[in-house]
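Text of start_32.cif, listed as mmCIF, C-alpha atoms and all ligand atoms:
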data_model
loop_
_atom_site.label_atom_id
_atom_site.label_comp_id
_atom_site.auth_asym_id
_atom_site.auth_seq_id
_atom_site.Cartn_x
_atom_site.Cartn_y
_atom_site.Cartn_z
CA MET A 1 32.27 -26.73 -42.17
CA VAL A 2 29.88 -29.58 -41.37
CA LYS A 3 30.63 -29.20 -37.73
CA LYS A 4 29.90 -25.50 -37.87
CA LYS A 5 26.55 -26.11 -39.55
CA ARG A 6 25.58 -28.62 -36.94
CA THR A 7 26.46 -26.17 -34.19
CA ARG A 8 24.30 -23.52 -35.80
CA LYS A 9 21.42 -25.94 -36.09
CA ASP A 10 21.90 -26.97 -32.47
CA THR A 11 21.80 -23.34 -31.43
CA LEU A 12 18.59 -22.89 -33.41
CA ASP A 13 17.05 -25.94 -31.74
CA VAL A 14 17.95 -24.60 -28.32
CA LEU A 15 16.44 -21.23 -29.20
CA ILE A 16 13.20 -22.82 -30.39
CA LEU A 17 13.02 -24.96 -27.26
CA ALA A 18 13.72 -21.94 -25.04
CA SER A 19 11.04 -19.87 -26.76
CA ALA A 20 8.55 -22.70 -26.40
CA ALA A 21 9.43 -23.00 -22.71
CA ILE A 22 8.94 -19.25 -22.19
CA VAL A 23 5.58 -19.27 -23.97
CA LEU A 24 4.47 -22.30 -22.00
CA SER A 25 5.57 -20.94 -18.62
CA THR A 26 3.98 -17.54 -19.31
CA PHE A 27 0.77 -19.33 -20.18
CA LEU A 28 0.99 -21.39 -16.99
CA VAL A 29 1.64 -18.32 -14.84
CA ILE A 30 -1.33 -16.48 -16.36
CA LYS A 31 -3.46 -19.57 -15.89
CA LEU A 32 -2.35 -19.93 -12.27
CA LEU A 33 -3.05 -16.27 -11.53
CA ALA A 34 -6.46 -16.65 -13.10
CA ILE A 35 -7.15 -19.75 -11.02
CA SER A 36 -6.05 -18.06 -7.82
CA GLY A 37 -8.22 -15.07 -8.72
CA PHE A 38 -5.40 -12.57 -8.54
CA ASN A 39 -7.19 -9.38 -9.33
CA LEU A 40 -9.25 -6.90 -7.46
CA ARG A 41 -12.50 -7.94 -9.05
CA ASN A 42 -12.09 -11.27 -7.31
CA PHE A 43 -10.81 -9.66 -4.14
CA VAL A 44 -14.02 -7.73 -4.13
CA LYS A 45 -16.15 -10.79 -4.83
CA ARG A 46 -14.43 -12.76 -2.09
CA SER A 47 -14.88 -9.93 0.35
CA GLN A 48 -17.50 -11.44 2.52
CA ASN A 49 -14.56 -10.73 4.77
CA VAL A 50 -14.69 -13.39 7.45
CA GLU A 51 -12.45 -16.30 6.66
CA SER A 52 -12.80 -17.98 10.04
CA ASP A 53 -15.22 -17.20 12.82
CA GLN A 54 -12.89 -18.00 15.68
CA LYS A 55 -10.45 -15.65 17.28
CA PRO A 56 -7.83 -15.05 16.08
CA TYR A 57 -9.69 -14.68 12.85
CA SER A 58 -8.61 -13.07 9.63
CA LEU A 59 -10.46 -10.47 7.63
CA ASN A 60 -10.41 -9.77 3.96
CA ILE A 61 -9.68 -6.04 3.89
CA PRO A 62 -8.15 -4.63 0.72
CA ILE A 63 -5.65 -1.88 1.61
CA ILE A 64 -4.94 0.05 -1.55
CA THR A 65 -1.61 1.84 -2.03
CA TYR A 66 -1.55 5.07 -3.98
CA HIS A 67 1.45 7.20 -4.77
CA TYR A 68 1.02 10.27 -6.92
CA ILE A 69 -2.40 11.69 -7.60
CA GLU A 70 -1.93 14.12 -10.44
CA ILE A 71 -1.95 14.61 -14.16
CA VAL A 72 1.66 13.95 -15.16
CA THR A 73 2.67 16.55 -17.70
CA ASP A 74 6.21 15.29 -18.36
CA LYS A 75 5.64 12.60 -20.99
CA ASN A 76 9.15 11.22 -20.40
CA ASP A 77 8.64 10.70 -16.69
CA PHE A 78 7.60 7.07 -17.14
CA LEU A 79 8.00 6.13 -13.49
CA ARG A 80 5.75 8.91 -12.32
CA LYS A 81 3.27 8.30 -15.13
CA ASN A 82 3.12 4.66 -14.18
CA MET A 83 2.51 5.34 -10.51
CA ALA A 84 0.19 8.29 -10.87
CA ILE A 85 -3.55 8.40 -11.30
CA THR A 86 -5.60 11.49 -11.89
CA PRO A 87 -8.01 12.91 -9.31
CA THR A 88 -10.85 11.94 -11.65
CA GLU A 89 -9.74 8.32 -11.67
CA LEU A 90 -9.37 8.35 -7.90
CA LYS A 91 -12.89 9.66 -7.56
CA ARG A 92 -14.24 7.04 -9.95
CA GLU A 93 -12.51 4.26 -8.01
CA ILE A 94 -13.74 5.52 -4.65
CA ASN A 95 -17.29 5.79 -5.94
CA GLU A 96 -17.08 2.30 -7.40
CA LEU A 97 -16.01 0.89 -4.02
CA LYS A 98 -18.77 2.84 -2.29
CA SER A 99 -21.36 1.47 -4.70
CA GLN A 100 -20.09 -2.04 -3.92
CA GLY A 101 -21.02 -1.40 -0.30
CA TYR A 102 -17.54 -0.90 1.07
CA GLU A 103 -16.95 0.94 4.30
CA PHE A 104 -13.73 2.94 4.26
CA VAL A 105 -11.61 2.55 7.37
CA PHE A 106 -8.40 4.06 8.71
CA ILE A 107 -5.41 1.78 9.13
CA LYS A 108 -5.61 2.32 12.90
CA GLU A 109 -9.11 0.78 12.88
CA ILE A 110 -7.89 -2.52 11.46
CA PRO A 111 -6.29 -3.76 14.74
CA LYS A 112 -9.56 -2.94 16.49
CA LEU A 113 -11.57 -4.91 13.92
CA LEU A 114 -9.23 -7.87 14.43
CA HIS A 115 -9.40 -7.70 18.21
CA MET A 116 -13.19 -7.87 18.44
CA GLU A 117 -14.69 -10.81 20.29
CA THR A 118 -16.70 -11.84 17.27
CA PRO A 119 -15.64 -11.00 13.71
CA PRO A 120 -17.27 -7.81 12.44
CA THR A 121 -19.72 -8.07 9.59
CA GLY A 122 -19.54 -5.77 6.61
CA LYS A 123 -17.05 -5.04 3.86
CA PHE A 124 -14.07 -2.89 4.70
CA VAL A 125 -11.49 -1.20 2.53
CA ALA A 126 -8.64 1.18 3.34
CA ILE A 127 -6.91 3.58 0.98
CA THR A 128 -3.36 4.67 1.77
CA PHE A 129 -1.08 7.34 0.33
CA ASP A 130 2.63 7.03 1.02
CA ASP A 131 5.26 9.74 1.44
CA GLY A 132 3.18 12.85 2.14
CA TYR A 133 3.48 14.53 -1.23
CA ARG A 134 1.95 17.93 -1.74
CA ASP A 135 -0.40 16.44 -4.34
CA PHE A 136 -2.09 14.53 -1.55
CA TYR A 137 -3.23 17.91 -0.27
CA THR A 138 -3.89 19.57 -3.62
CA ASP A 139 -5.35 16.65 -5.61
CA ALA A 140 -6.41 13.75 -3.38
CA PHE A 141 -7.73 15.58 -0.33
CA PRO A 142 -10.43 17.47 -2.31
CA VAL A 143 -11.70 14.12 -3.67
CA ILE A 144 -11.65 12.61 -0.17
CA LYS A 145 -13.67 15.54 1.17
CA GLU A 146 -16.10 15.43 -1.72
CA THR A 147 -16.73 11.70 -1.41
CA GLY A 148 -16.56 11.76 2.39
CA VAL A 149 -14.39 8.65 2.71
CA LYS A 150 -11.56 7.91 5.13
CA ALA A 151 -7.96 7.71 3.97
CA THR A 152 -4.55 7.23 5.58
CA VAL A 153 -1.46 9.20 4.60
CA PHE A 154 2.04 8.13 5.67
CA VAL A 155 4.37 11.07 6.05
CA ILE A 156 8.17 11.18 5.70
CA THR A 157 8.75 13.76 8.39
CA GLY A 158 12.22 14.84 7.23
CA PHE A 159 10.70 16.02 3.95
CA VAL A 160 7.82 18.02 5.41
CA ASN A 161 7.78 21.64 4.16
CA TYR A 162 10.09 20.75 1.24
CA GLN A 163 9.12 21.41 -2.34
CA ASN A 164 6.49 18.90 -3.52
CA TYR A 165 5.78 17.73 0.02
CA MET A 166 3.04 18.85 2.38
CA THR A 167 3.71 21.59 4.88
CA ASP A 168 3.13 21.38 8.64
CA GLU A 169 -0.07 23.37 8.20
CA GLN A 170 -1.40 21.16 5.43
CA ILE A 171 -0.74 18.00 7.47
CA LYS A 172 -2.54 19.51 10.44
CA GLU A 173 -5.45 20.50 8.24
CA VAL A 174 -5.94 17.06 6.68
CA SER A 175 -5.68 15.47 10.13
CA GLN A 176 -8.20 17.85 11.66
CA SER A 177 -10.69 17.12 8.87
CA GLY A 178 -11.45 13.81 10.58
CA LEU A 179 -11.24 12.08 7.20
CA VAL A 180 -7.50 11.51 7.15
CA GLU A 181 -5.37 9.43 9.48
CA VAL A 182 -1.75 10.57 9.52
CA GLY A 183 0.77 7.76 10.00
CA ALA A 184 4.57 7.72 10.17
CA HIS A 185 6.87 6.70 7.32
CA THR A 186 10.30 7.41 8.94
CA MET A 187 12.28 10.64 8.83
CA SER A 188 14.36 10.14 5.69
CA HIS A 189 12.71 7.25 3.82
CA ILE A 190 15.76 5.05 4.20
CA ASP A 191 15.44 1.29 3.90
CA LEU A 192 15.45 0.32 7.59
CA ARG A 193 17.12 -3.00 6.79
CA SER A 194 20.17 -1.21 5.44
CA ILE A 195 21.17 0.70 8.59
CA THR A 196 22.20 0.00 12.19
CA SER A 197 19.56 -0.85 14.77
CA ALA A 198 20.13 2.40 16.64
CA HIS A 199 19.73 4.39 13.43
CA ALA A 200 16.59 2.49 12.43
CA ASP A 201 15.11 3.09 15.87
CA SER A 202 15.78 6.82 15.65
CA GLU A 203 14.10 6.91 12.20
CA ILE A 204 11.01 5.18 13.58
CA VAL A 205 10.76 7.09 16.87
CA GLY A 206 11.78 10.40 15.30
CA SER A 207 9.02 10.44 12.68
CA LYS A 208 6.35 9.63 15.27
CA ASP A 209 7.73 12.28 17.63
CA TYR A 210 7.69 14.95 14.95
CA LEU A 211 4.02 14.39 14.18
CA GLU A 212 2.98 14.04 17.81
CA SER A 213 5.11 16.71 19.50
CA LYS A 214 5.35 19.30 16.76
CA LEU A 215 2.00 18.88 15.05
CA GLY A 216 -0.07 17.48 17.91
CA ILE A 217 -1.27 14.48 15.89
CA LYS A 218 -1.57 11.13 17.64
CA VAL A 219 0.19 8.56 15.49
CA GLU A 220 -0.79 4.91 15.62
CA SER A 221 0.16 3.46 12.23
CA PHE A 222 3.44 3.01 10.42
CA SER A 223 4.52 2.28 6.85
CA TYR A 224 7.94 0.73 6.07
CA PRO A 225 9.89 2.58 3.38
CA PHE A 226 10.26 0.25 0.38
CA GLY A 227 8.14 -2.21 2.33
CA GLY A 228 11.36 -3.28 4.07
CA PHE A 229 11.18 -4.91 7.47
CA ASN A 230 12.42 -7.83 9.56
CA ASN A 231 11.62 -9.12 13.06
CA GLU A 232 13.87 -6.60 14.78
CA ILE A 233 12.40 -3.64 12.85
CA THR A 234 8.87 -4.86 13.55
CA GLN A 235 9.69 -4.99 17.26
CA MET A 236 10.99 -1.39 17.15
CA VAL A 237 7.78 -0.24 15.45
CA LYS A 238 5.79 -2.02 18.14
CA ASN A 239 7.93 -0.57 20.95
CA ALA A 240 7.31 2.92 19.60
CA SER A 241 3.61 2.32 20.37
CA HIS A 242 2.32 1.87 16.85
CA THR A 243 -0.70 -0.42 16.78
CA SER A 244 -0.02 -1.75 13.29
CA ALA A 245 2.17 -1.33 10.21
CA VAL A 246 1.57 -1.71 6.51
CA SER A 247 3.95 -3.56 4.21
CA ASP A 248 4.18 -4.01 0.46
CA ILE A 249 3.32 -7.69 0.68
CA SER A 250 0.62 -8.22 -1.90
CA GLY A 251 -2.72 -9.47 -0.66
CA THR A 252 -5.87 -8.56 1.22
CA THR A 253 -5.94 -10.97 4.14
CA GLN A 254 -5.35 -9.20 7.44
CA SER A 255 -5.01 -10.93 10.80
CA LEU A 256 -3.47 -10.47 14.22
CA SER A 257 -0.47 -12.45 13.02
CA ASN A 258 0.31 -9.86 10.33
CA LEU A 259 -0.65 -6.72 12.27
CA TYR A 260 2.85 -5.34 11.71
CA SER A 261 3.07 -6.44 8.11
CA LEU A 262 -0.42 -5.75 6.80
CA SER A 263 -0.80 -6.68 3.15
CA ARG A 264 -1.58 -4.09 0.53
CA ILE A 265 -2.47 -4.00 -3.12
CA ARG A 266 -0.99 -1.52 -5.53
CA VAL A 267 -3.04 0.81 -7.60
CA GLY A 268 -2.06 -1.25 -10.66
CA TYR A 269 -4.25 -4.11 -9.51
CA PHE A 270 -7.04 -1.71 -8.94
CA PHE A 271 -6.88 -0.59 -12.56
CA LYS A 272 -8.24 -3.98 -13.58
CA PHE A 273 -11.35 -3.11 -11.69
CA GLU A 274 -14.08 -1.77 -13.94
ZN ZN B 1 7.45 5.62 0.64
#

Could you show the structure in this file as structure tokens?
Amino acid sequence: MVKKKRTRKDTLDVLILASAAIVLSTFLVIKLLAISGFNLRNFVKRSQNVESDQKPYSLNIPIITYHYIEIVTDKNDFLRKNMAITPTELKREINELKSQGYEFVFIKEIPKLLHMETPPTGKFVAITFDDGYRDFYTDAFPVIKETGVKATVFVITGFVNYQNYMTDEQIKEVSQSGLVEVGAHTMSHIDLRSITSAHADSEIVGSKDYLESKLGIKVESFSYPFGGFNNEITQMVKNASHTSAVSDISGTTQSLSNLYSLSRIRVGYFFKFE
């Protein structure tokens, strides 16, 4: 009986200690994030962009990742609700960046900015939309036209013309507007790390070919499905004549050493921006 009581007390002590540890570590993490300035407001403040004036230099260019741009009507579709923003919010965010003096660039311009003899002056930002959903055409593209900014859309070519994805004609139209760079995002959106090298290569080359041969769009930029890459995959993307690739690595520092794994920030970080 006594022994049992003691055990229960011990368990309680352990629980209290564990809770204290969790509270303390959460506090420390929050504190650390605050110290390291991990939010877009600080990204923006730090964006005097040049971090070193010698080549190779790095630039502070926030690349923002968007997914769905729509008003989600299904209240139970938490994933979609979490990843979606409305066209109104998109417009507000774009205007906020414009008022902060940001110049919107395509992803394909970033290698050029990094290859210049002397670091460019100015504040640059890129907005990217993955997957090539139809709502890019119906909801985001009107905002892009209205605000006159540049954006990059990464298309999964195997899904083109399917329900909820853009059609050939819509992709051509956004590309011809001069405001939208169209990049490749593989043919089937498979994690390239999970398949054979030959298969991965055909996914990379095939998506670029579709856009270039069938739609007549010159493709320079690539986005890894699920942000998944390794040295071999990076080499394949390079060999297929892409000039850069975006990853899901969080951050805003871009340099020649991460040309094929450019950092991005998710729309969630952007929400902290007022
Ligand atoms: Zn994707």

Near segment 131-147 of chain A, counting only C-alpha atoms, which residues have an atom at most 6 Å away, once you skip same-chain residues fewer than 2 positions from it, shown as a PDB file with C-alpha atoms, in the frame of the given file?
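Written output follows (around-v4.pdb):
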ATOM      1  CA  PRO A  87      -8.010  12.910  -9.310  1.00  0.00           C
ATOM      2  CA  VAL A 149     -14.390   8.650   2.710  1.00  0.00           C
ATOM      3  CA  PHE A 154       2.040   8.130   5.670  1.00  0.00           C
ATOM      4  CA  VAL A 155       4.370  11.070   6.050  1.00  0.00           C
ATOM      5  CA  ILE A 156       8.170  11.180   5.700  1.00  0.00           C
ATOM      6  CA  ASN A 164       6.490  18.900  -3.520  1.00  0.00           C
ATOM      7  CA  TYR A 165       5.780  17.730   0.020  1.00  0.00           C
ATOM      8  CA  MET A 166       3.040  18.850   2.380  1.00  0.00           C
TER       9      MET A 166
END

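Going from atom CA of Asn60 of chain A over to atom CA of Gln254 of chain A, you cover 6.2 Å.
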
Original post:
Between A:Met116, A:Val219, A:Val246, A:Leu59, which has the minimum distance to ligand ZN 1 (chain B) (counting only C-alpha atoms and all ligand atoms)?
Top reply: A:Val246

Original post:
Could you name the residues that touch Glu103 of chain A at 8 Å or less, counting only C-alpha atoms, but leaving out those on the same chain fewer than 5 positions away, as a VMD selection string?
Top reply: chain A and resid 98 122 to 125

Prev. selection, C-alpha atoms, output as a PDB file, in the frame of the given file:
ATOM      1  CA  LYS A  98     -18.770   2.840  -2.290  1.00  0.00           C
ATOM      2  CA  GLY A 122     -19.540  -5.770   6.610  1.00  0.00           C
ATOM      3  CA  LYS A 123     -17.050  -5.040   3.860  1.00  0.00           C
ATOM      4  CA  PHE A 124     -14.070  -2.890   4.700  1.00  0.00           C
ATOM      5  CA  VAL A 125     -11.490  -1.200   2.530  1.00  0.00           C
TER       6      VAL A 125
END

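For the set A:Lys112, A:Lys172, A:His189, A:Lys208, the residue with the smallest atom-to-atom gap to ligand ZN 1 (chain B) is A:His189, counting all atoms listed in the file.
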
**OP:** Could you give me, as a count of residues only, every polymer residue with an atom at most 12 Å away from an atom of ligand ZN 1 (chain B), counting all atoms listed in the file?
**Re:** 36

So which residues touch Asn258 of chain A within 12 Å, counting all atoms listed in the file, skipping near sequence neighbours fewer than 2 positions away, as an mmCIF file with C-alpha atoms, in the frame of the given file?
data_model
loop_
_atom_site.group_PDB
_atom_site.id
_atom_site.type_symbol
_atom_site.label_atom_id
_atom_site.label_comp_id
_atom_site.auth_asym_id
_atom_site.auth_seq_id
_atom_site.Cartn_x
_atom_site.Cartn_y
_atom_site.Cartn_z
ATOM 1 C CA PRO A 56 -7.830 -15.050 16.080
ATOM 2 C CA TYR A 57 -9.690 -14.680 12.850
ATOM 3 C CA SER A 58 -8.610 -13.070 9.630
ATOM 4 C CA LEU A 59 -10.460 -10.470 7.630
ATOM 5 C CA ILE A 110 -7.890 -2.520 11.460
ATOM 6 C CA PRO A 111 -6.290 -3.760 14.740
ATOM 7 C CA LEU A 114 -9.230 -7.870 14.430
ATOM 8 C CA ASN A 231 11.620 -9.120 13.060
ATOM 9 C CA THR A 234 8.870 -4.860 13.550
ATOM 10 C CA THR A 243 -0.700 -0.420 16.780
ATOM 11 C CA SER A 244 -0.020 -1.750 13.290
ATOM 12 C CA ALA A 245 2.170 -1.330 10.210
ATOM 13 C CA VAL A 246 1.570 -1.710 6.510
ATOM 14 C CA SER A 247 3.950 -3.560 4.210
ATOM 15 C CA ILE A 249 3.320 -7.690 0.680
ATOM 16 C CA GLY A 251 -2.720 -9.470 -0.660
ATOM 17 C CA THR A 252 -5.870 -8.560 1.220
ATOM 18 C CA THR A 253 -5.940 -10.970 4.140
ATOM 19 C CA GLN A 254 -5.350 -9.200 7.440
ATOM 20 C CA SER A 255 -5.010 -10.930 10.800
ATOM 21 C CA LEU A 256 -3.470 -10.470 14.220
ATOM 22 C CA TYR A 260 2.850 -5.340 11.710
ATOM 23 C CA SER A 261 3.070 -6.440 8.110
ATOM 24 C CA LEU A 262 -0.420 -5.750 6.800
ATOM 25 C CA SER A 263 -0.800 -6.680 3.150
ATOM 26 C CA ARG A 264 -1.580 -4.090 0.530
#

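Here atom CA of Glu181 of chain A is placed at a distance of 18.6 Å from atom CA of Ile265 of chain A.
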
**OP:** For atom CA of Val105 of chain A and atom CA of Glu220 of chain A, quote the distance in Å rounded to one decimal.
**Re:** 13.8 Å

**OP:** May I have the protein, DNA and RNA residues with an atom at most 10 Å from (-11.5, 12.0, 9.6), counting only C-alpha atoms in the file's coordinates, returned as an MDAnalysis selection string?
**Re:** chainID A and resid 105:106 144:145 148:152 174:182

Subject >> Residues within 10 Å of (3.4, 21.6, 9.4), counting only C-alpha atoms, listed as a ChimeraX atom specification >> reply: /A:157,160-161,166-173,210-211,214-215

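Candidate residues A:Ile217, A:Val205, A:Ile127, A:Ile85 were compared for distance to Ile64 of chain A, and the nearest is A:Ile127, using only C-alpha atoms.
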